[in-house]
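Below is final-v6.pdb, which holds PDB, C-alpha atoms, pLDDT in the B column.
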```
ATOM      1  CA  MET A   1    -118.695-193.283 -38.869  1.00 52.00           C
ATOM      2  CA  GLN A   2    -116.074-195.055 -36.770  1.00 56.00           C
ATOM      3  CA  ASN A   3    -112.373-194.175 -36.840  1.00 58.00           C
ATOM      4  CA  THR A   4    -111.532-197.375 -38.723  1.00 56.00           C
ATOM      5  CA  GLU A   5    -114.060-196.459 -41.407  1.00 58.00           C
ATOM      6  CA  ILE A   6    -112.612-192.968 -41.662  1.00 57.00           C
ATOM      7  CA  ARG A   7    -109.090-194.377 -42.028  1.00 59.00           C
ATOM      8  CA  SER A   8    -110.135-196.858 -44.718  1.00 58.00           C
ATOM      9  CA  GLU A   9    -111.827-194.098 -46.742  1.00 63.00           C
ATOM     10  CA  TRP A  10    -108.894-191.689 -46.433  1.00 60.00           C
ATOM     11  CA  ASN A  11    -107.497-192.759 -49.794  1.00 61.00           C
ATOM     12  CA  THR A  12    -110.709-191.801 -51.574  1.00 65.00           C
ATOM     13  CA  VAL A  13    -111.473-188.494 -49.818  1.00 64.00           C
ATOM     14  CA  SER A  14    -108.187-186.953 -48.869  1.00 75.00           C
ATOM     15  CA  GLY A  15    -106.704-183.528 -48.470  1.00 81.00           C
ATOM     16  CA  TYR A  16    -104.486-184.450 -51.402  1.00 83.00           C
ATOM     17  CA  LYS A  17    -107.458-184.784 -53.757  1.00 87.00           C
ATOM     18  CA  ILE A  18    -108.905-181.525 -52.492  1.00 89.00           C
ATOM     19  CA  GLU A  19    -105.542-179.832 -53.108  1.00 88.00           C
ATOM     20  CA  VAL A  20    -105.306-181.277 -56.632  1.00 90.00           C
ATOM     21  CA  ALA A  21    -108.891-180.230 -57.389  1.00 93.00           C
ATOM     22  CA  SER A  22    -108.164-176.720 -56.115  1.00 94.00           C
ATOM     23  CA  LYS A  23    -105.063-176.390 -58.293  1.00 96.00           C
ATOM     24  CA  LEU A  24    -106.843-177.726 -61.375  1.00 97.00           C
ATOM     25  CA  MET A  25    -109.768-175.379 -60.757  1.00 97.00           C
ATOM     26  CA  ARG A  26    -107.407-172.370 -60.528  1.00 97.00           C
ATOM     27  CA  GLN A  27    -105.489-173.419 -63.652  1.00 98.00           C
ATOM     28  CA  THR A  28    -108.659-173.978 -65.665  1.00 98.00           C
ATOM     29  CA  PHE A  29    -110.371-170.746 -64.607  1.00 98.00           C
ATOM     30  CA  LYS A  30    -107.127-168.791 -65.118  1.00 97.00           C
ATOM     31  CA  ARG A  31    -106.899-170.168 -68.658  1.00 97.00           C
ATOM     32  CA  MET A  32    -110.549-169.325 -69.339  1.00 97.00           C
ATOM     33  CA  LEU A  33    -110.089-165.747 -68.096  1.00 97.00           C
ATOM     34  CA  ARG A  34    -106.997-165.348 -70.269  1.00 97.00           C
ATOM     35  CA  GLU A  35    -108.541-166.928 -73.398  1.00 96.00           C
ATOM     36  CA  ARG A  36    -111.585-164.649 -73.148  1.00 95.00           C
ATOM     37  CA  ASN A  37    -109.397-161.561 -72.679  1.00 96.00           C
ATOM     38  CA  SER A  38    -111.178-160.694 -69.448  1.00 95.00           C
ATOM     39  CA  GLY A  39    -108.358-158.384 -68.380  1.00 95.00           C
ATOM     40  CA  ILE A  40    -108.439-159.645 -64.793  1.00 97.00           C
ATOM     41  CA  THR A  41    -106.821-162.378 -62.742  1.00 97.00           C
ATOM     42  CA  ILE A  42    -108.503-164.972 -60.556  1.00 97.00           C
ATOM     43  CA  ASP A  43    -107.531-163.072 -57.416  1.00 97.00           C
ATOM     44  CA  GLN A  44    -108.956-159.858 -58.844  1.00 98.00           C
ATOM     45  CA  TRP A  45    -112.148-161.718 -59.748  1.00 98.00           C
ATOM     46  CA  VAL A  46    -112.480-163.077 -56.203  1.00 97.00           C
ATOM     47  CA  LEU A  47    -112.348-159.541 -54.777  1.00 98.00           C
ATOM     48  CA  LEU A  48    -114.726-158.144 -57.398  1.00 98.00           C
ATOM     49  CA  GLN A  49    -117.181-160.967 -56.782  1.00 97.00           C
ATOM     50  CA  GLN A  50    -117.064-160.362 -53.024  1.00 98.00           C
ATOM     51  CA  LEU A  51    -117.607-156.633 -53.528  1.00 98.00           C
ATOM     52  CA  GLY A  52    -120.501-157.463 -55.842  1.00 97.00           C
ATOM     53  CA  GLU A  53    -122.122-159.238 -52.908  1.00 97.00           C
ATOM     54  CA  LYS A  54    -121.161-156.663 -50.274  1.00 96.00           C
ATOM     55  CA  ASP A  55    -119.894-153.385 -51.693  1.00 95.00           C
ATOM     56  CA  GLY A  56    -118.289-150.710 -49.556  1.00 93.00           C
ATOM     57  CA  ILE A  57    -116.552-152.917 -47.005  1.00 95.00           C
ATOM     58  CA  SER A  58    -113.169-152.220 -45.437  1.00 93.00           C
ATOM     59  CA  GLN A  59    -109.960-153.703 -46.786  1.00 93.00           C
ATOM     60  CA  TRP A  60    -109.696-155.744 -43.580  1.00 93.00           C
ATOM     61  CA  GLU A  61    -113.224-157.149 -43.993  1.00 95.00           C
ATOM     62  CA  LEU A  62    -112.486-157.917 -47.630  1.00 97.00           C
ATOM     63  CA  ALA A  63    -109.261-159.744 -46.726  1.00 96.00           C
ATOM     64  CA  ASN A  64    -111.100-161.846 -44.140  1.00 95.00           C
ATOM     65  CA  ALA A  65    -113.964-162.610 -46.516  1.00 96.00           C
ATOM     66  CA  VAL A  66    -111.619-163.975 -49.199  1.00 96.00           C
ATOM     67  CA  TYR A  67    -109.150-165.684 -46.820  1.00 94.00           C
ATOM     68  CA  LYS A  68    -106.157-163.631 -47.969  1.00 96.00           C
ATOM     69  CA  ASP A  69    -103.662-161.636 -45.931  1.00 95.00           C
ATOM     70  CA  ALA A  70    -103.908-157.844 -45.833  1.00 92.00           C
ATOM     71  CA  PRO A  71    -100.750-157.090 -47.891  1.00 95.00           C
ATOM     72  CA  THR A  72    -101.940-159.392 -50.691  1.00 96.00           C
ATOM     73  CA  VAL A  73    -105.377-157.772 -50.734  1.00 97.00           C
ATOM     74  CA  THR A  74    -103.778-154.317 -50.740  1.00 96.00           C
ATOM     75  CA  ARG A  75    -101.735-155.220 -53.847  1.00 97.00           C
ATOM     76  CA  ILE A  76    -104.805-156.619 -55.609  1.00 98.00           C
ATOM     77  CA  ILE A  77    -106.837-153.524 -54.713  1.00 98.00           C
ATOM     78  CA  ASP A  78    -104.032-151.299 -56.043  1.00 98.00           C
ATOM     79  CA  LEU A  79    -104.316-153.080 -59.405  1.00 98.00           C
ATOM     80  CA  LEU A  80    -108.116-152.826 -59.388  1.00 98.00           C
ATOM     81  CA  VAL A  81    -107.926-149.093 -58.574  1.00 98.00           C
ATOM     82  CA  GLU A  82    -105.401-148.614 -61.382  1.00 98.00           C
ATOM     83  CA  ALA A  83    -107.767-150.434 -63.766  1.00 98.00           C
ATOM     84  CA  GLY A  84    -110.649-148.193 -62.664  1.00 98.00           C
ATOM     85  CA  LEU A  85    -112.692-151.110 -61.307  1.00 98.00           C
ATOM     86  CA  VAL A  86    -112.767-150.061 -57.630  1.00 98.00           C
ATOM     87  CA  LEU A  87    -112.278-146.944 -55.525  1.00 97.00           C
ATOM     88  CA  ARG A  88    -110.848-146.484 -52.043  1.00 95.00           C
ATOM     89  CA  ALA A  89    -112.978-144.190 -49.921  1.00 91.00           C
ATOM     90  CA  THR A  90    -112.176-142.989 -46.418  1.00 88.00           C
ATOM     91  CA  ASP A  91    -114.576-144.367 -43.821  1.00 79.00           C
ATOM     92  CA  GLN A  92    -116.488-141.394 -42.393  1.00 84.00           C
ATOM     93  CA  ASP A  93    -116.694-143.085 -38.982  1.00 83.00           C
ATOM     94  CA  ASP A  94    -113.008-144.056 -38.803  1.00 82.00           C
ATOM     95  CA  ARG A  95    -110.656-142.099 -41.044  1.00 79.00           C
ATOM     96  CA  ARG A  96    -107.926-144.708 -40.528  1.00 80.00           C
ATOM     97  CA  LYS A  97    -110.007-147.181 -42.557  1.00 85.00           C
ATOM     98  CA  PHE A  98    -110.584-147.342 -46.273  1.00 89.00           C
ATOM     99  CA  LEU A  99    -113.797-148.681 -47.725  1.00 95.00           C
ATOM    100  CA  ILE A 100    -113.576-150.392 -51.085  1.00 97.00           C
ATOM    101  CA  ARG A 101    -116.323-149.613 -53.561  1.00 97.00           C
ATOM    102  CA  LEU A 102    -117.028-150.876 -57.045  1.00 98.00           C
ATOM    103  CA  THR A 103    -117.024-148.339 -59.850  1.00 98.00           C
ATOM    104  CA  GLN A 104    -119.482-148.575 -62.722  1.00 98.00           C
ATOM    105  CA  ALA A 105    -116.662-150.190 -64.709  1.00 98.00           C
ATOM    106  CA  GLY A 106    -116.200-152.713 -61.891  1.00 98.00           C
ATOM    107  CA  LYS A 107    -119.897-153.569 -61.924  1.00 98.00           C
ATOM    108  CA  LYS A 108    -119.732-153.937 -65.704  1.00 98.00           C
ATOM    109  CA  LYS A 109    -116.698-156.238 -65.404  1.00 98.00           C
ATOM    110  CA  ILE A 110    -118.631-158.475 -62.996  1.00 98.00           C
ATOM    111  CA  ARG A 111    -121.513-158.704 -65.490  1.00 97.00           C
ATOM    112  CA  GLU A 112    -119.035-159.536 -68.275  1.00 97.00           C
ATOM    113  CA  VAL A 113    -117.266-162.302 -66.317  1.00 98.00           C
ATOM    114  CA  GLU A 114    -120.352-163.923 -64.733  1.00 97.00           C
ATOM    115  CA  PRO A 115    -121.243-165.951 -67.874  1.00 97.00           C
ATOM    116  CA  LEU A 116    -117.687-167.290 -67.895  1.00 97.00           C
ATOM    117  CA  VAL A 117    -118.070-168.292 -64.241  1.00 97.00           C
ATOM    118  CA  GLN A 118    -121.274-170.141 -65.115  1.00 97.00           C
ATOM    119  CA  GLU A 119    -119.487-171.895 -67.971  1.00 97.00           C
ATOM    120  CA  PHE A 120    -116.673-172.883 -65.593  1.00 97.00           C
ATOM    121  CA  ARG A 121    -119.147-174.221 -63.019  1.00 96.00           C
ATOM    122  CA  SER A 122    -120.932-176.231 -65.709  1.00 96.00           C
ATOM    123  CA  LEU A 123    -117.613-177.791 -66.682  1.00 97.00           C
ATOM    124  CA  LEU A 124    -116.665-178.414 -63.050  1.00 96.00           C
ATOM    125  CA  PHE A 125    -119.916-180.098 -62.066  1.00 96.00           C
ATOM    126  CA  ASN A 126    -120.563-181.890 -65.364  1.00 97.00           C
ATOM    127  CA  GLY A 127    -122.007-185.357 -64.733  1.00 97.00           C
ATOM    128  CA  MET A 128    -123.231-184.581 -61.213  1.00 96.00           C
ATOM    129  CA  ASN A 129    -126.945-184.709 -60.560  1.00 97.00           C
ATOM    130  CA  LYS A 130    -128.672-182.277 -58.178  1.00 96.00           C
ATOM    131  CA  LYS A 131    -128.506-184.676 -55.232  1.00 98.00           C
ATOM    132  CA  GLN A 132    -124.795-185.339 -55.727  1.00 97.00           C
ATOM    133  CA  LEU A 133    -124.121-181.629 -55.992  1.00 95.00           C
ATOM    134  CA  LYS A 134    -126.141-180.914 -52.833  1.00 97.00           C
ATOM    135  CA  ASP A 135    -124.401-183.737 -50.913  1.00 96.00           C
ATOM    136  CA  PHE A 136    -121.021-182.446 -52.071  1.00 92.00           C
ATOM    137  CA  GLN A 137    -121.882-178.919 -50.904  1.00 95.00           C
ATOM    138  CA  VAL A 138    -123.055-180.193 -47.516  1.00 96.00           C
ATOM    139  CA  ALA A 139    -119.835-182.194 -47.085  1.00 92.00           C
ATOM    140  CA  LEU A 140    -117.652-179.207 -48.005  1.00 91.00           C
ATOM    141  CA  ASP A 141    -119.593-176.918 -45.671  1.00 94.00           C
ATOM    142  CA  LEU A 142    -119.141-179.388 -42.821  1.00 95.00           C
ATOM    143  CA  MET A 143    -115.412-179.700 -43.505  1.00 89.00           C
ATOM    144  CA  LEU A 144    -115.018-175.916 -43.493  1.00 89.00           C
ATOM    145  CA  LYS A 145    -117.036-175.610 -40.293  1.00 95.00           C
ATOM    146  CA  ASN A 146    -114.865-178.261 -38.634  1.00 94.00           C
ATOM    147  CA  LEU A 147    -111.714-176.306 -39.490  1.00 92.00           C
ATOM    148  CA  GLN A 148    -112.893-172.859 -38.416  1.00 88.00           C
TER     149      GLN A 148
END
```

Show me, as structure tokens, the structure contained in the file I just sent.
Amino acid sequence: MQNTEIRSEWNTVSGYKIEVASKLMRQTFKRMLRERNSGITIDQWVLLQQLGEKDGISQWELANAVYKDAPTVTRIIDLLVEAGLVLRATDQDDRRKFLIRLTQAGKKKIREVEPLVQEFRSLLFNGMNKKQLKDFQVALDLMLKNLQ
């Protein structure tokens, strides 16, 4: 694609639309979590989901994985510990580090919220066929790669 083509398409695929989509996604999922009395926030869900994929990682690794700064992640973890959903454990190899582990209640919360996530994704991608969804994913992956 030439620069002139990129410029002419800027109005249809812009950072502005991505920003609007991101905000609408957060608002919608936040509302769904609240309406279903999930007892967690979006940011708490993001951490729980990440721990569900890779449990027992350090706070620093968790912050990097979810693209949030360390103080923000620390506050979210404090709330999750208070709710009994995660535990902080001292790293046996480096006692300056804390590893974050899901509790049984945390694992249960993930199982409870996953159907809601699927419902949200169905709403989000409604009307897109498999090819459109795949093309969209490829485009997003390329954009992220370009920015990292």

Got a sec to resolve the PyMOL selection byres ((chain A and resi 119-132) around 12) on this structure and send the residues as a PyMOL selection string? chain A and resi 21-22+24-33+36+113-118+133-139

Restricting it to C-alpha atoms, dump the selection as a CSV table (one decimal), in the coordinates of the input.
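And here is the file that came out, out.csv:
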```csv
chain,number,residue,atom,x,y,z
A,21,ALA,CA,-108.9,-180.2,-57.4
A,22,SER,CA,-108.2,-176.7,-56.1
A,24,LEU,CA,-106.8,-177.7,-61.4
A,25,MET,CA,-109.8,-175.4,-60.8
A,26,ARG,CA,-107.4,-172.4,-60.5
A,27,GLN,CA,-105.5,-173.4,-63.7
A,28,THR,CA,-108.7,-174.0,-65.7
A,29,PHE,CA,-110.4,-170.7,-64.6
A,30,LYS,CA,-107.1,-168.8,-65.1
A,31,ARG,CA,-106.9,-170.2,-68.7
A,32,MET,CA,-110.5,-169.3,-69.3
A,33,LEU,CA,-110.1,-165.7,-68.1
A,36,ARG,CA,-111.6,-164.6,-73.1
A,113,VAL,CA,-117.3,-162.3,-66.3
A,114,GLU,CA,-120.4,-163.9,-64.7
A,115,PRO,CA,-121.2,-166.0,-67.9
A,116,LEU,CA,-117.7,-167.3,-67.9
A,117,VAL,CA,-118.1,-168.3,-64.2
A,118,GLN,CA,-121.3,-170.1,-65.1
A,133,LEU,CA,-124.1,-181.6,-56.0
A,134,LYS,CA,-126.1,-180.9,-52.8
A,135,ASP,CA,-124.4,-183.7,-50.9
A,136,PHE,CA,-121.0,-182.4,-52.1
A,137,GLN,CA,-121.9,-178.9,-50.9
A,138,VAL,CA,-123.1,-180.2,-47.5
A,139,ALA,CA,-119.8,-182.2,-47.1
```

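You will find atom CA of Gly39 of chain A at 29.0 Å from atom CA of Asp91 of chain A.
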
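Of note, atom CA of Gly15 of chain A and atom CA of Thr41 of chain A are spaced 25.5 Å apart.
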
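Interatomic distance, atom CA of Leu62 of chain A against atom CA of Glu35 of chain A: 27.6 Å.
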
Evaluate the PyMOL selection byres ((chain A and resi 87) around 9) and record the selected residues as a ChimeraX atom specification, following the chain and residue labels used in the document. /A:77,80-81,84-86,88-89,99-103

Which one is closest to Gln44 of chain A: A:Gln59, A:Lys17, A:Ile76, A:Tyr67? Count only C-alpha atoms. A:Ile76
